[in-house]
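Colleague: The following block contains the structure, expressed as structure tokens.
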Amino acid sequence: MIDLRSDTVTQPTDAMRKAMARAEVGDDVYGEDPTVNRLQEMAAALLGKRAALFVPSGTMGNQLAIRAHTQPGQEVIVESKAHIVRYEQGAAGALAGVQLHWVVGDRGIMTAEQVEAAIRPKDPYSIPTGLICIENTHNSGGGTIYSLSTIEKIRAIASKHKIPMHLDGARLFNAVAATTLPASTYAQHFETVSFCLSKGLGAPAGSLLVSSDTQLIERARRFRRMYGGAMRQSGILAAAGIYALEHHVARLKTDHDHAKKLARALQQIPAVRIAPQHVETNIVIFDVPDPRLTPADLVSQLKDHGVLIHAIGGRSFRAVTHLNISAKQIDEATEAFARVLN
Ligand SMILES: *Cc1c(COP(=O)(O)O)cnc(C)c1O
């Protein structure tokens, strides 16, 4: 199978498994896992921050940030299709007691003007805005990248209103690979950053929450325990993360090349609506408007031809390139699309 559903489906490589098997471990609840500690130091350094916390998932990274930055009854500004809005089971409301204020971005990208308009006035009856979250790259937006200048403008507004900023950088390293800007160049504008080891970086599990505010990281550590995310000999997982950061960052560029190639090939198929110039990283979103073919039918016919993709609502579909997809498989997938759709 050519599995283009998500970059979360990657299998750990043999070399990564060897690194995991060799990892020196201890009890991380006691702060005694040397491999977890090394990964946390590495992540902090990479993002130009002072501290980091290893967490089981990107969702937990985001939710610890929301919980640690805000008070119950506050509001968090976030883009309408953000992971925090769509895919975290309402955790911001359920666990942090905050309300999400959605801003409708362009392919997931908010402007500084939109963010400023969403900040509530400071008066006795308006809900206080406690946090601004940005997702870079933006998953549901199609792997879109925030320009540094947009981030700088939003940062200036956040600073003016004294509101902290969190970066959901689940795929931050895809932005890094695409722009060649260092991760720290993005991270400098945020009080907290979360990023996933389990997406394009190819580790089996794990994310990091990173900040220069060591007190905030200690608060997040307490909430990690509360949310059930404190692990013991998690150095086994951290070793995969270290391996991923050392070996799988630069190669993300290959995934982007594959995604662009797939997008250009799909454009040649008359039944497909796609704007290849919108493919900025490893996510390809396209439409098949033909009413004779239901989304479920297209997905199952492609599966019969050895290709897995996701239907993402309406007439839209998503294909994601990753570590386990070769150039040859992109050609094979293209042939399968052509056979099913022509
Ligand atoms: C995948 C993802 C997350 C975290 O997902 P987990 O499955 O909880 O690791 C967070 N934000 C974005 C944008 C994502 O794509």
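By order of appearance in the structure tokens: chains A, B, ..., then residues from 1 within every chain, and ligands from 1 in the order shown.
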Mind dumping a table of every chain A residue within 8 Å of ligand 1, with the nearest atom pair and its distance in Å to one decimal, using only C-alpha atoms and all ligand atoms, sorted by chain and rising number, as a tab-separated table?
Modeller:
```
residue	atom	partner	partner_atom_place_in_ligand_line	distance
A:Thr8	CA	ligand 1	1 (C)	7.6
A:Pro56	CA	ligand 1	9 (O)	7.4
A:Ser57	CA	ligand 1	9 (O)	3.8
A:Gly58	CA	ligand 1	4 (C)	3.4
A:Thr59	CA	ligand 1	8 (O)	3.6
A:Met60	CA	ligand 1	8 (O)	6.3
A:Gly61	CA	ligand 1	4 (C)	7.8
A:Asn62	CA	ligand 1	10 (C)	6.9
A:Ala82	CA	ligand 1	13 (C)	6.6
A:His83	CA	ligand 1	11 (N)	4.9
A:Ile84	CA	ligand 1	11 (N)	6.7
A:Tyr87	CA	ligand 1	5 (O)	7.8
A:Glu88	CA	ligand 1	8 (O)	7.4
A:Glu135	CA	ligand 1	13 (C)	5.8
A:Asn136	CA	ligand 1	13 (C)	7.2
A:Thr137	CA	ligand 1	13 (C)	7.0
A:His138	CA	ligand 1	13 (C)	5.9
A:Asn139	CA	ligand 1	13 (C)	5.1
A:Ser140	CA	ligand 1	13 (C)	7.8
A:Asp168	CA	ligand 1	11 (N)	5.6
A:Gly169	CA	ligand 1	13 (C)	6.6
A:Ala170	CA	ligand 1	12 (C)	4.7
A:Arg171	CA	ligand 1	15 (O)	6.6
A:Phe195	CA	ligand 1	10 (C)	7.7
A:Cys196	CA	ligand 1	9 (O)	6.2
A:Ser198	CA	ligand 1	9 (O)	6.7
A:Lys199	CA	ligand 1	1 (C)	6.8
A:Ala205	CA	ligand 1	9 (O)	7.5
A:Gly206	CA	ligand 1	9 (O)	7.0
A:Ser207	CA	ligand 1	9 (O)	6.8
```
Colleague: List every residue of region 8-107 of chain A that has an atom at most 10 Å from any atom of region 243-255 of chain A, and for each one report the closest atom pair and its distance in Å to one decimal, counting only C-alpha atoms, with rows sorted by chain and then by increasing residue number, as a Markdown table.
Modeller:
```
| residue | atom | partner | partner_atom | distance |
| --- | --- | --- | --- | --- |
| A:Pro12 | CA | A:Ala244 | CA | 9.4 |
| A:Thr13 | CA | A:Ala244 | CA | 9.9 |
| A:Ala15 | CA | A:Tyr243 | CA | 8.3 |
| A:Met16 | CA | A:Tyr243 | CA | 6.1 |
| A:Arg17 | CA | A:Tyr243 | CA | 9.4 |
| A:Lys18 | CA | A:Tyr243 | CA | 9.9 |
| A:Ala19 | CA | A:Tyr243 | CA | 7.0 |
| A:Met20 | CA | A:Tyr243 | CA | 8.7 |
| A:Leu39 | CA | A:Leu245 | CA | 9.1 |
| A:Met42 | CA | A:Leu245 | CA | 8.8 |
| A:Ala43 | CA | A:Leu245 | CA | 8.6 |
| A:Leu46 | CA | A:Leu245 | CA | 9.4 |
```
Colleague: To one decimal place, how far is CA of Pro164 (chain A) from CA of Arg222 (chain A) in Å?
Modeller: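 It comes out at 19.9 Å.
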Colleague: Write out as a ChimeraX atom specification the set of residues from region 195-286 of chain A that DSSP, computed on the backbone, places in strand (DSSP E or B).
Modeller: /A:195-196,207-211,273,283-286
Colleague: Write the residues of the selection above to a file with C-alpha atoms, as a PDB file, in the first residue's frame.
Modeller:
```pdb
ATOM      1  CA  PHE A 195       6.279  20.392  18.005  1.00  0.00           C
ATOM      2  CA  CYS A 196       5.705  16.732  17.073  1.00  0.00           C
ATOM      3  CA  SER A 207       6.143  15.879  21.243  1.00  0.00           C
ATOM      4  CA  LEU A 208       7.867  18.706  23.043  1.00  0.00           C
ATOM      5  CA  LEU A 209       6.637  21.836  24.728  1.00  0.00           C
ATOM      6  CA  VAL A 210       9.372  24.455  24.734  1.00  0.00           C
ATOM      7  CA  SER A 211       9.697  27.829  26.473  1.00  0.00           C
ATOM      8  CA  ARG A 273      -9.377  20.647  -9.109  1.00  0.00           C
ATOM      9  CA  ILE A 283       0.226  18.161   2.325  1.00  0.00           C
ATOM     10  CA  VAL A 284      -1.743  18.038  -0.924  1.00  0.00           C
ATOM     11  CA  ILE A 285      -5.415  19.057  -0.790  1.00  0.00           C
ATOM     12  CA  PHE A 286      -7.554  18.703  -3.899  1.00  0.00           C
TER      13      PHE A 286
END
```
Colleague: Give me the residues within 12 Å of Val9 (chain A) as a list in words, counting only C-alpha atoms and dropping any in the same chain fewer than 2 places off.
Modeller: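 The filter keeps Met1, Ile2, Asp3, Leu4, Arg5, Ser6, Asp7, Gln11, Pro12, Ser198, Lys199, Gly200, Leu201, Gly202, Ala203, Pro204, Ala205, Leu308, Ile309, Val320, Thr321, His322, Leu323, Asn324 and Ile325 of chain A.
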Colleague: Can I get the selected residues back with N, CA and C atoms, as a short mmCIF file (atom, residue, chain, number, x, y, z; two decimals), in the first residue's frame?
Modeller:
```cif
data_model
loop_
_atom_site.label_atom_id
_atom_site.label_comp_id
_atom_site.auth_asym_id
_atom_site.auth_seq_id
_atom_site.Cartn_x
_atom_site.Cartn_y
_atom_site.Cartn_z
N MET A 1 0.83 -1.22 0.00
CA MET A 1 0.00 0.00 0.00
C MET A 1 0.86 1.27 0.00
N ILE A 2 0.42 2.24 -0.78
CA ILE A 2 1.05 3.56 -0.75
C ILE A 2 0.17 4.41 0.15
N ASP A 3 0.61 4.59 1.40
CA ASP A 3 -0.25 5.20 2.41
C ASP A 3 -0.02 6.71 2.49
N LEU A 4 -0.91 7.46 1.83
CA LEU A 4 -0.79 8.92 1.79
C LEU A 4 -1.81 9.58 2.73
N ARG A 5 -2.36 8.81 3.68
CA ARG A 5 -3.38 9.40 4.56
C ARG A 5 -2.79 10.47 5.47
N SER A 6 -1.59 10.20 5.98
CA SER A 6 -1.01 11.13 6.96
C SER A 6 0.47 10.85 7.10
N ASP A 7 1.21 11.85 7.57
CA ASP A 7 2.63 11.63 7.88
C ASP A 7 2.79 11.02 9.28
N GLN A 11 6.79 4.27 9.76
CA GLN A 11 7.38 3.21 10.58
C GLN A 11 8.78 3.64 11.02
N PRO A 12 9.13 3.40 12.28
CA PRO A 12 10.50 3.72 12.70
C PRO A 12 11.50 2.94 11.85
N SER A 198 6.37 12.83 15.91
CA SER A 198 5.63 11.69 15.35
C SER A 198 5.01 11.96 13.99
N LYS A 199 5.25 13.15 13.43
CA LYS A 199 4.73 13.45 12.09
C LYS A 199 5.85 13.18 11.08
N GLY A 200 6.18 14.17 10.30
CA GLY A 200 7.19 13.97 9.26
C GLY A 200 8.55 13.54 9.80
N LEU A 201 8.81 13.81 11.07
CA LEU A 201 10.12 13.44 11.62
C LEU A 201 10.24 11.93 11.84
N GLY A 202 9.11 11.24 11.85
CA GLY A 202 9.15 9.78 11.76
C GLY A 202 9.35 9.01 13.05
N ALA A 203 9.25 9.67 14.21
CA ALA A 203 9.34 8.92 15.48
C ALA A 203 7.99 8.27 15.78
N PRO A 204 7.98 7.20 16.57
CA PRO A 204 6.71 6.52 16.83
C PRO A 204 5.76 7.32 17.72
N ALA A 205 6.28 8.18 18.57
CA ALA A 205 5.42 8.96 19.47
C ALA A 205 6.24 10.10 20.05
N LEU A 308 -3.82 4.83 -0.45
CA LEU A 308 -4.70 5.30 0.62
C LEU A 308 -4.63 6.82 0.73
N ILE A 309 -5.81 7.46 0.72
CA ILE A 309 -5.89 8.91 1.00
C ILE A 309 -7.08 9.12 1.93
N VAL A 320 -0.80 13.05 1.89
CA VAL A 320 0.35 13.57 2.64
C VAL A 320 1.58 12.71 2.34
N THR A 321 2.67 13.36 2.01
CA THR A 321 3.92 12.63 1.74
C THR A 321 4.75 12.55 3.01
N HIS A 322 5.60 11.53 3.08
CA HIS A 322 6.38 11.30 4.30
C HIS A 322 7.55 10.36 4.04
N LEU A 323 8.23 10.09 5.11
CA LEU A 323 9.43 9.25 5.18
C LEU A 323 9.35 7.93 4.43
N ASN A 324 8.17 7.30 4.43
CA ASN A 324 8.05 5.97 3.84
C ASN A 324 7.50 6.00 2.41
N ILE A 325 7.47 7.20 1.81
CA ILE A 325 6.99 7.32 0.44
C ILE A 325 8.17 7.67 -0.47
#
```
Colleague: I need the residues in region 122-284 of chain A that are helix (DSSP H, G or I) according to DSSP; give them as a ChimeraX atom specification.
Modeller: /A:148-160,172-179,183-187,214-226,235-247,252-267,276-278
Colleague: I need the residues from that last selection saved to file as an mmCIF file, in the first residue's frame (with C-alpha atoms), if you can.
Modeller:
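And here is the file that came out, part_14.cif:
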```
data_model
loop_
_atom_site.group_PDB
_atom_site.id
_atom_site.type_symbol
_atom_site.label_atom_id
_atom_site.label_comp_id
_atom_site.auth_asym_id
_atom_site.auth_seq_id
_atom_site.Cartn_x
_atom_site.Cartn_y
_atom_site.Cartn_z
ATOM 1 C CA LEU A 148 7.872 35.599 9.188
ATOM 2 C CA SER A 149 6.533 39.090 8.559
ATOM 3 C CA THR A 150 2.967 38.024 9.400
ATOM 4 C CA ILE A 151 4.220 36.382 12.598
ATOM 5 C CA GLU A 152 6.172 39.544 13.480
ATOM 6 C CA LYS A 153 3.083 41.702 12.973
ATOM 7 C CA ILE A 154 0.914 39.417 15.112
ATOM 8 C CA ARG A 155 3.671 39.386 17.748
ATOM 9 C CA ALA A 156 3.737 43.181 17.838
ATOM 10 C CA ILE A 157 -0.017 43.261 18.442
ATOM 11 C CA ALA A 158 0.196 40.556 21.107
ATOM 12 C CA SER A 159 2.941 42.501 22.879
ATOM 13 C CA LYS A 160 0.974 45.737 22.659
ATOM 14 C CA LEU A 172 7.259 23.448 12.418
ATOM 15 C CA PHE A 173 10.181 21.552 10.872
ATOM 16 C CA ASN A 174 8.330 21.367 7.565
ATOM 17 C CA ALA A 175 8.303 25.181 7.591
ATOM 18 C CA VAL A 176 12.002 25.107 8.501
ATOM 19 C CA ALA A 177 12.807 22.731 5.631
ATOM 20 C CA ALA A 178 10.758 24.733 3.134
ATOM 21 C CA THR A 179 12.084 28.193 4.016
ATOM 22 C CA ALA A 183 13.357 26.890 14.001
ATOM 23 C CA SER A 184 14.569 29.464 16.532
ATOM 24 C CA THR A 185 13.780 32.285 14.094
ATOM 25 C CA TYR A 186 10.137 31.276 14.265
ATOM 26 C CA ALA A 187 10.219 30.343 17.952
ATOM 27 C CA THR A 214 11.088 27.916 33.248
ATOM 28 C CA GLN A 215 8.299 28.536 35.760
ATOM 29 C CA LEU A 216 5.728 27.994 33.032
ATOM 30 C CA ILE A 217 7.418 24.722 32.050
ATOM 31 C CA GLU A 218 7.283 23.614 35.707
ATOM 32 C CA ARG A 219 3.564 24.474 35.782
ATOM 33 C CA ALA A 220 3.133 22.488 32.563
ATOM 34 C CA ARG A 221 4.994 19.572 34.183
ATOM 35 C CA ARG A 222 2.404 19.527 36.967
ATOM 36 C CA PHE A 223 -0.435 19.603 34.424
ATOM 37 C CA ARG A 224 1.283 16.863 32.402
ATOM 38 C CA ARG A 225 0.998 14.690 35.494
ATOM 39 C CA MET A 226 -2.630 15.770 35.982
ATOM 40 C CA GLY A 235 13.905 7.524 27.203
ATOM 41 C CA ILE A 236 13.069 4.657 24.818
ATOM 42 C CA LEU A 237 10.748 7.093 23.015
ATOM 43 C CA ALA A 238 13.003 10.097 23.531
ATOM 44 C CA ALA A 239 15.837 8.209 21.805
ATOM 45 C CA ALA A 240 13.672 7.963 18.699
ATOM 46 C CA GLY A 241 13.070 11.707 18.961
ATOM 47 C CA ILE A 242 16.779 12.480 19.235
ATOM 48 C CA TYR A 243 17.444 10.261 16.243
ATOM 49 C CA ALA A 244 14.672 12.015 14.297
ATOM 50 C CA LEU A 245 16.013 15.493 15.070
ATOM 51 C CA GLU A 246 19.513 14.410 14.074
ATOM 52 C CA HIS A 247 18.620 12.555 10.875
ATOM 53 C CA LEU A 252 11.675 16.787 4.840
ATOM 54 C CA LYS A 253 12.566 18.702 1.697
ATOM 55 C CA THR A 254 12.202 15.422 -0.215
ATOM 56 C CA ASP A 255 8.636 15.045 1.078
ATOM 57 C CA HIS A 256 7.879 18.561 -0.169
ATOM 58 C CA ASP A 257 9.308 17.770 -3.600
ATOM 59 C CA HIS A 258 7.178 14.623 -3.726
ATOM 60 C CA ALA A 259 4.058 16.576 -2.732
ATOM 61 C CA LYS A 260 4.668 19.174 -5.456
ATOM 62 C CA LYS A 261 5.248 16.447 -8.014
ATOM 63 C CA LEU A 262 2.022 14.715 -7.014
ATOM 64 C CA ALA A 263 0.113 18.022 -7.159
ATOM 65 C CA ARG A 264 1.386 18.777 -10.681
ATOM 66 C CA ALA A 265 0.454 15.269 -11.816
ATOM 67 C CA LEU A 266 -3.034 15.589 -10.313
ATOM 68 C CA GLN A 267 -3.471 18.876 -12.166
ATOM 69 C CA PRO A 276 -0.295 23.216 -7.172
ATOM 70 C CA GLN A 277 1.097 26.603 -6.139
ATOM 71 C CA HIS A 278 -0.781 26.150 -2.840
#
```
Colleague: Go through A:Lys303, A:Lys122, A:Arg107, A:His161 and flag the residue nearest Ile145 (chain A), using only C-alpha atoms for the distances.
Modeller: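 Distance minimum relative to Ile145 (chain A) lands on A:Arg107.
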Colleague: Could you check how far CA of Tyr227 (chain A) sits from CA of Ile66 (chain A), in Å to one decimal?
Modeller: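 That distance, rounded to one decimal, is 12.8 Å.
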Colleague: Please identify all polymer residues within 10 Å of His69 (chain A), counting only C-alpha atoms, omitting same-chain residues fewer than 2 positions from it, and present them as a PyMOL selection string.
Modeller: chain A and resi 63-67+71+76+96+130-131+163-166+191-192+216+219-220
